[in-house]
Structures are given as structure tokens and as C-alpha cells.
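Undergrad: Next comes target-v2.cif, mmCIF, C-alpha atoms and all ligand atoms:
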```cif
data_work
#
loop_
_atom_site.label_atom_id
_atom_site.label_comp_id
_atom_site.auth_asym_id
_atom_site.auth_seq_id
_atom_site.Cartn_x
_atom_site.Cartn_y
_atom_site.Cartn_z
CA MET U 1 3.46 -8.47 1.23
CA VAL U 2 4.96 -5.13 0.33
CA VAL U 3 4.59 -3.31 3.69
CA GLU U 4 7.25 -4.74 5.94
CA LEU U 5 8.34 -4.18 9.51
CA GLY U 6 11.93 -3.56 8.36
CA LEU U 7 13.37 -0.61 10.27
CA PRO U 8 14.20 2.27 7.95
CA PRO U 9 17.05 4.60 9.02
CA TRP U 10 14.50 6.96 10.51
CA PRO U 11 14.39 9.95 10.93
CA SER U 12 17.35 10.71 8.72
CA MET U 13 15.46 9.49 5.63
CA LEU U 14 12.26 11.28 6.55
CA HIS U 15 12.66 14.27 4.27
CA ASP U 16 15.29 12.93 1.92
CA PRO U 17 13.86 13.22 -1.62
CA ARG U 18 16.30 10.59 -2.89
CA HIS U 19 14.18 7.95 -1.16
CA ALA U 20 10.82 7.40 -2.85
CA MET U 21 9.33 5.29 -0.07
CA PRO U 22 8.26 7.07 3.13
CA PRO U 23 9.57 5.44 6.32
CA THR U 24 7.39 2.66 7.71
CA LEU U 25 8.34 3.01 11.40
CA PRO U 26 5.97 5.93 12.22
CA PHE U 27 3.16 4.08 10.45
CA TRP U 28 3.68 0.86 12.44
CA CYS U 29 4.02 2.71 15.76
CA SER U 30 0.80 4.59 15.10
CA PHE U 31 -0.98 1.42 13.90
CA VAL U 32 -0.01 -0.57 17.01
CA ALA U 33 -0.89 2.34 19.33
CA THR U 34 -4.32 2.60 17.66
CA VAL U 35 -5.04 -1.11 18.12
CA LEU U 36 -3.96 -0.98 21.80
CA LEU U 37 -6.07 2.12 22.46
CA LEU U 38 -9.06 0.59 20.69
CA VAL U 39 -8.90 -2.55 22.85
CA ALA U 40 -8.45 -0.42 26.00
CA ALA U 41 -11.43 1.77 24.99
CA LEU U 42 -13.56 -1.35 24.46
CA PHE U 43 -12.63 -2.77 27.87
CA THR U 44 -13.14 0.48 29.80
CA GLY U 45 -16.48 0.96 28.01
CA PHE U 46 -17.81 -2.50 28.89
CA LEU U 47 -16.40 -2.28 32.44
CA ARG U 48 -18.08 1.12 32.81
CA ARG U 49 -14.87 2.87 33.80
CA ARG U 50 -16.36 6.11 32.58
CA ARG U 51 -13.61 8.60 33.48
CA LEU U 52 -10.92 6.51 31.81
CA HIS U 53 -13.17 5.66 28.86
CA LEU U 54 -13.89 9.32 28.19
CA TRP U 55 -10.13 9.72 27.58
CA LEU U 56 -9.50 6.49 25.72
CA GLY U 57 -12.55 6.62 23.38
CA PRO U 58 -11.76 10.04 21.87
CA LEU U 59 -7.99 9.28 21.89
CA THR U 60 -8.67 6.14 19.84
CA MET U 61 -10.40 8.29 17.22
CA VAL U 62 -7.49 10.77 17.11
CA LEU U 63 -4.86 8.01 16.77
CA LEU U 64 -6.94 6.32 14.07
CA ALA U 65 -7.01 9.58 12.12
CA ILE U 66 -3.21 9.91 12.45
CA THR U 67 -2.75 6.29 11.30
CA ILE U 68 -4.94 6.96 8.24
CA VAL U 69 -2.82 10.02 7.32
CA LEU U 70 0.40 7.99 7.69
CA THR U 71 -1.11 5.15 5.64
CA GLU U 72 -1.94 7.59 2.85
CA GLU U 73 1.62 8.89 2.93
CA LEU U 74 2.91 5.32 2.53
CA ALA U 75 0.32 4.52 -0.13
CA SER U 76 1.40 7.49 -2.25
CA ALA U 77 4.68 5.64 -2.92
CA TYR U 78 2.77 2.69 -4.43
CA GLU U 79 0.55 1.88 -7.37
CA PHE U 80 -2.39 -0.40 -6.75
CA PRO U 81 -4.77 -2.30 -9.06
CA ALA U 82 -7.80 0.00 -9.53
CA GLU U 83 -10.47 -2.50 -8.43
CA VAL U 84 -8.53 -3.49 -5.28
CA LYS U 85 -8.12 0.18 -4.37
CA ALA U 86 -11.81 0.90 -5.05
CA THR U 87 -12.86 -1.97 -2.76
CA HIS U 88 -10.62 -0.76 0.05
CA LEU U 89 -11.69 2.87 -0.34
CA MET U 90 -15.36 1.88 -0.04
CA PHE U 91 -14.76 0.28 3.38
CA ALA U 92 -12.33 3.02 4.48
CA LYS U 93 -14.89 5.75 3.71
CA ALA U 94 -17.68 3.79 5.42
CA GLY U 95 -15.40 3.42 8.47
CA GLY U 96 -14.79 7.17 8.55
CA LEU U 97 -18.51 7.88 8.28
CA LEU U 98 -19.49 5.32 10.93
CA ALA U 99 -17.12 6.94 13.43
CA LEU U 100 -19.62 9.83 13.63
CA PRO U 101 -22.46 7.81 15.23
CA VAL U 102 -19.93 6.36 17.72
CA ILE U 103 -18.98 9.87 18.84
CA ALA U 104 -22.58 11.15 18.77
CA THR U 105 -24.00 8.21 20.77
CA GLY U 106 -20.99 8.37 23.16
CA LEU U 107 -21.77 12.02 23.94
CA TRP U 108 -25.45 11.16 24.24
CA LEU U 109 -24.69 8.25 26.64
CA TRP U 110 -22.62 10.61 28.77
CA ARG U 111 -25.84 12.51 29.46
CA ASP U 112 -28.51 9.83 29.14
CA PRO U 113 -28.26 6.10 30.05
CA ARG U 114 -30.96 5.25 27.48
CA ALA U 115 -28.33 5.76 24.78
CA ARG U 116 -26.34 2.72 25.96
CA VAL U 117 -27.77 0.28 23.43
CA TRP U 118 -27.27 2.80 20.59
CA HIS U 119 -23.64 3.43 21.54
CA ARG U 120 -23.04 -0.33 21.69
CA VAL U 121 -24.61 -0.89 18.25
CA ALA U 122 -22.68 2.06 16.76
CA VAL U 123 -19.39 0.78 18.23
CA LEU U 124 -19.89 -2.81 17.00
CA LEU U 125 -20.89 -1.68 13.48
CA TRP U 126 -17.94 0.69 13.30
CA LEU U 127 -15.56 -2.01 14.57
CA ALA U 128 -16.75 -4.48 11.92
CA ILE U 129 -16.16 -1.93 9.15
CA VAL U 130 -12.80 -0.76 10.57
CA LEU U 131 -11.58 -4.38 10.71
CA THR U 132 -12.75 -4.95 7.13
CA ALA U 133 -11.05 -1.72 6.02
CA THR U 134 -7.82 -2.83 7.72
CA GLY U 135 -8.02 -6.24 6.05
CA THR U 136 -8.71 -4.83 2.59
CA GLY U 137 -5.96 -2.23 3.18
CA LEU U 138 -3.39 -4.93 3.91
CA TRP U 139 -4.65 -6.87 0.87
CA MET U 140 -4.25 -3.68 -1.21
CA PHE U 141 -0.63 -3.23 -0.09
CA SER U 142 0.06 -6.90 -0.87
CA GLN U 143 -1.06 -6.18 -4.47
CA GLY U 144 0.84 -2.88 -4.75
CA THR U 145 4.05 -2.08 -6.56
CA LEU U 146 6.51 0.60 -5.50
CA ARG U 147 6.50 3.56 -7.90
CA ALA U 148 9.71 4.09 -9.82
CA GLY U 149 11.65 7.25 -9.01
C1 LIG Z 201 -15.37 9.05 20.85
C2 LIG Z 201 -16.05 9.38 21.89
C3 LIG Z 201 -16.68 8.43 22.86
C4 LIG Z 201 -17.44 8.84 23.89
C5 LIG Z 201 -17.82 10.29 24.23
C6 LIG Z 201 -17.89 7.65 24.61
C7 LIG Z 201 -18.69 7.68 25.75
C8 LIG Z 201 -19.11 6.57 26.43
C9 LIG Z 201 -19.83 6.59 27.68
C10 LIG Z 201 -20.24 7.86 28.46
C11 LIG Z 201 -20.05 5.30 28.05
C12 LIG Z 201 -20.75 4.83 29.32
C13 LIG Z 201 -19.73 4.43 30.35
C14 LIG Z 201 -20.41 4.10 31.67
O1 LIG Z 201 -21.31 3.29 31.68
O2 LIG Z 201 -20.00 4.68 32.68
C15 LIG Z 201 -19.52 4.45 27.01
C16 LIG Z 201 -19.61 3.08 26.98
C17 LIG Z 201 -19.03 2.28 26.04
N1 LIG Z 201 -18.21 2.69 25.01
FE1 LIG Z 201 -17.79 4.61 24.50
N2 LIG Z 201 -17.38 6.54 24.00
C18 LIG Z 201 -16.63 6.96 22.94
C19 LIG Z 201 -15.92 6.15 22.08
C20 LIG Z 201 -15.87 4.79 22.13
C21 LIG Z 201 -15.05 3.94 21.29
C22 LIG Z 201 -14.08 4.44 20.22
C23 LIG Z 201 -15.32 2.65 21.64
C24 LIG Z 201 -14.75 1.38 21.09
C25 LIG Z 201 -13.53 1.17 20.78
C26 LIG Z 201 -16.31 2.68 22.69
C27 LIG Z 201 -16.86 1.56 23.29
C28 LIG Z 201 -17.75 1.58 24.33
C29 LIG Z 201 -18.38 0.40 24.88
C30 LIG Z 201 -18.19 -1.04 24.40
C31 LIG Z 201 -19.19 0.84 25.94
C32 LIG Z 201 -20.08 -0.03 26.83
C33 LIG Z 201 -21.48 -0.08 26.22
C34 LIG Z 201 -22.36 -1.03 26.98
O3 LIG Z 201 -22.46 -0.92 28.21
O4 LIG Z 201 -22.96 -1.87 26.33
N3 LIG Z 201 -16.62 4.00 22.96
N4 LIG Z 201 -18.91 5.26 26.06
#
```
Could the structure of this file be written out as C-alpha cells, please?

TA:
Amino acid sequence: MVVELGLPPWPSMLHDPRHAMPPTLPFWCSFVATVLLLVAALFTGFLRRRRLHLWLGPLTMVLLAITIVLTEELASAYEFPAEVKATHLMFAKAGGLLALPVIATGLWLWRDPRARVWHRVAVLLWLAIVLTATGTGLWMFSQGTLRAG
């Protein structure tokens, strides 16, 4: 496993060009915050805590986007086998695309209770793909090698 939880001397290394590998601490913080928010959004949705859910649902999407940006920053320091990367990218792109129906059906459900089943289906589909993308992403990093330089 190439991505490790080892604490880099952050933030001093953050913009130091002598270090090829971006710091991993911001990535892990963002990753953990995304998972926690996602679970909280799921719970508040199922428990029908609408006011709270309307904060947590969109916040989950924002944190996920930040995590993806930080992952790409980390990934730029590595080289990955082409077919492993292609597999991961397929799921990652599908996950990005399937976030749109979650948002659309969420907004619809806000106005119309008949959208409930559609929001639920969109959320479960999106979750399945996001979990697969996370799994294939970790697999990709396990196959990666740090670029020289
Ligand atoms: C991004 C914008 C989102 C909006 C606008 C939104 C909106 C809503 C609304 C209005 C409800 C109904 C709550 C109630 O009954 O009072 C709901 C339910 C729910 N939401 Fe979201 N949501 C969003 C994102 C998410 C996300 C990211 C997740 C999952 C992590 C999620 C999971 C759920 C679940 C599981 C329910 C319950 C569905 C059911 O009763 O079967 N939502 N959402």
C-alpha cells in the first residue's frame, strides 16, 4: 500500500518543490470528513430530519468534491498501470455523473413527497458506485509507484 497515514511535516512541506510527494494529511482529513458526513446524511435522510439533512446532503457533495481534488493532487506524484487506472477512472466518472440524480431528486423531494422512492434509488445507486470507486482507487494506489524527481 503506497498511501500511508504517516504524518508529513505539514504545512511546511506544502509548497516545497524539493518534495515530490504532496502531503497526505489534508487528503486523509478530507476523506474521513467525507465518510462521516455521508453516514450522517444517510441517517438524517432515513430519519426524516429534513432541516439537518438539507445541510448534510449538499455538504457531503462539497466535501466529496474536495476529497477528489486532493486525491488527484496525490495521484499526480505517482505512476499507475494503465489498465488499473482506466478501471478506476470508469467508476470515478460514473460516481461523479450519478451525483447529479441524487441532487436533482433531493431538490424534487423537497417539493414533492412522490420523489421519495426516486431519491432513495438515486442515493443507493450512487453509494454503490462511490464505494466501488473508492475501492478501485485504493487498489490503484497499491499498484502505483512514486515518480522520480
Ligand atoms: C445533495 C442534495 C440533497 C438534497 C437536496 C436532499 C434532499 C432530501 C429531502 C428533502 C429528503 C426528505 C427528508 C424528509 O422526509 O423530511 C431526503 C431524504 C433522504 N436523503 Fe437526501 N438530499 C440530498 C442529498 C443526499 C445524500 C448525499 C444522501 C446520502 C448520503 C441522501 C440520502 C437520503 C436518504 C437515505 C433519504 C431518505 C429517503 C427515504 O425516505 O427513503 N440525500 N433528501

Undergrad: For ligand LIG 201 (chain Z), collect every residue having any atom at a distance of at most 8 Å from a ligand atom (counting all atoms listed in the file); output as a PyMOL selection string.

TA: chain U and resi 37-51+53-54+56-61+99+102-111+113+116-117+119-120+123-124+127

Undergrad: For the atom pair atom CA of U:Phe141 and atom CA of U:Val84, what is the interatomic distance in Å to one decimal place?

TA: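 Atom-to-atom, atom CA of U:Phe141 and atom CA of U:Val84 are spaced 9.5 Å apart.
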
Undergrad: Could you work out how far atom CA of U:Trp55 lies from atom CA of U:Thr24, giving the answer in Å with one decimal?

TA: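 Result for atom CA of U:Thr24 versus atom CA of U:Trp55: 27.4 Å, one decimal.
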
Undergrad: Given only C-alpha atoms as the basis, pick out the residue of U:Leu125, U:Leu138, U:Leu74, U:Leu89 nearest to U:Leu25.

TA: U:Leu74

Undergrad: Take atom CA of U:Gly96 and atom CA of U:Arg147 and report the distance between them in Å, one decimal.

TA: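 If I compute the distance from atom CA of U:Gly96 to atom CA of U:Arg147, I get 27.1 Å.
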
Undergrad: Quick one: residues within 12 Å of U:Glu83, all atoms listed in the file counted, chain neighbours fewer than 5 positions away excluded, as a ChimeraX atom specification?

TA: /U:88-90,136,139-140,143-144

Undergrad: Taking only C-alpha atoms into account, which of U:Pro22, U:Ala75, U:Val32, U:Pro81 comes nearest U:Leu63?

TA: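 Among the listed residues, the smallest separation from U:Leu63 belongs to U:Val32.
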
Undergrad: With 12 Å as the threshold, what does the neighbourhood of (-0.7, 5.1, 10.5) contain in terms of residues, counting all atoms listed in the file? Coordinates are those of the file; answer as a PyMOL selection string.

TA: chain U and resi 22-35+62-75+134+137
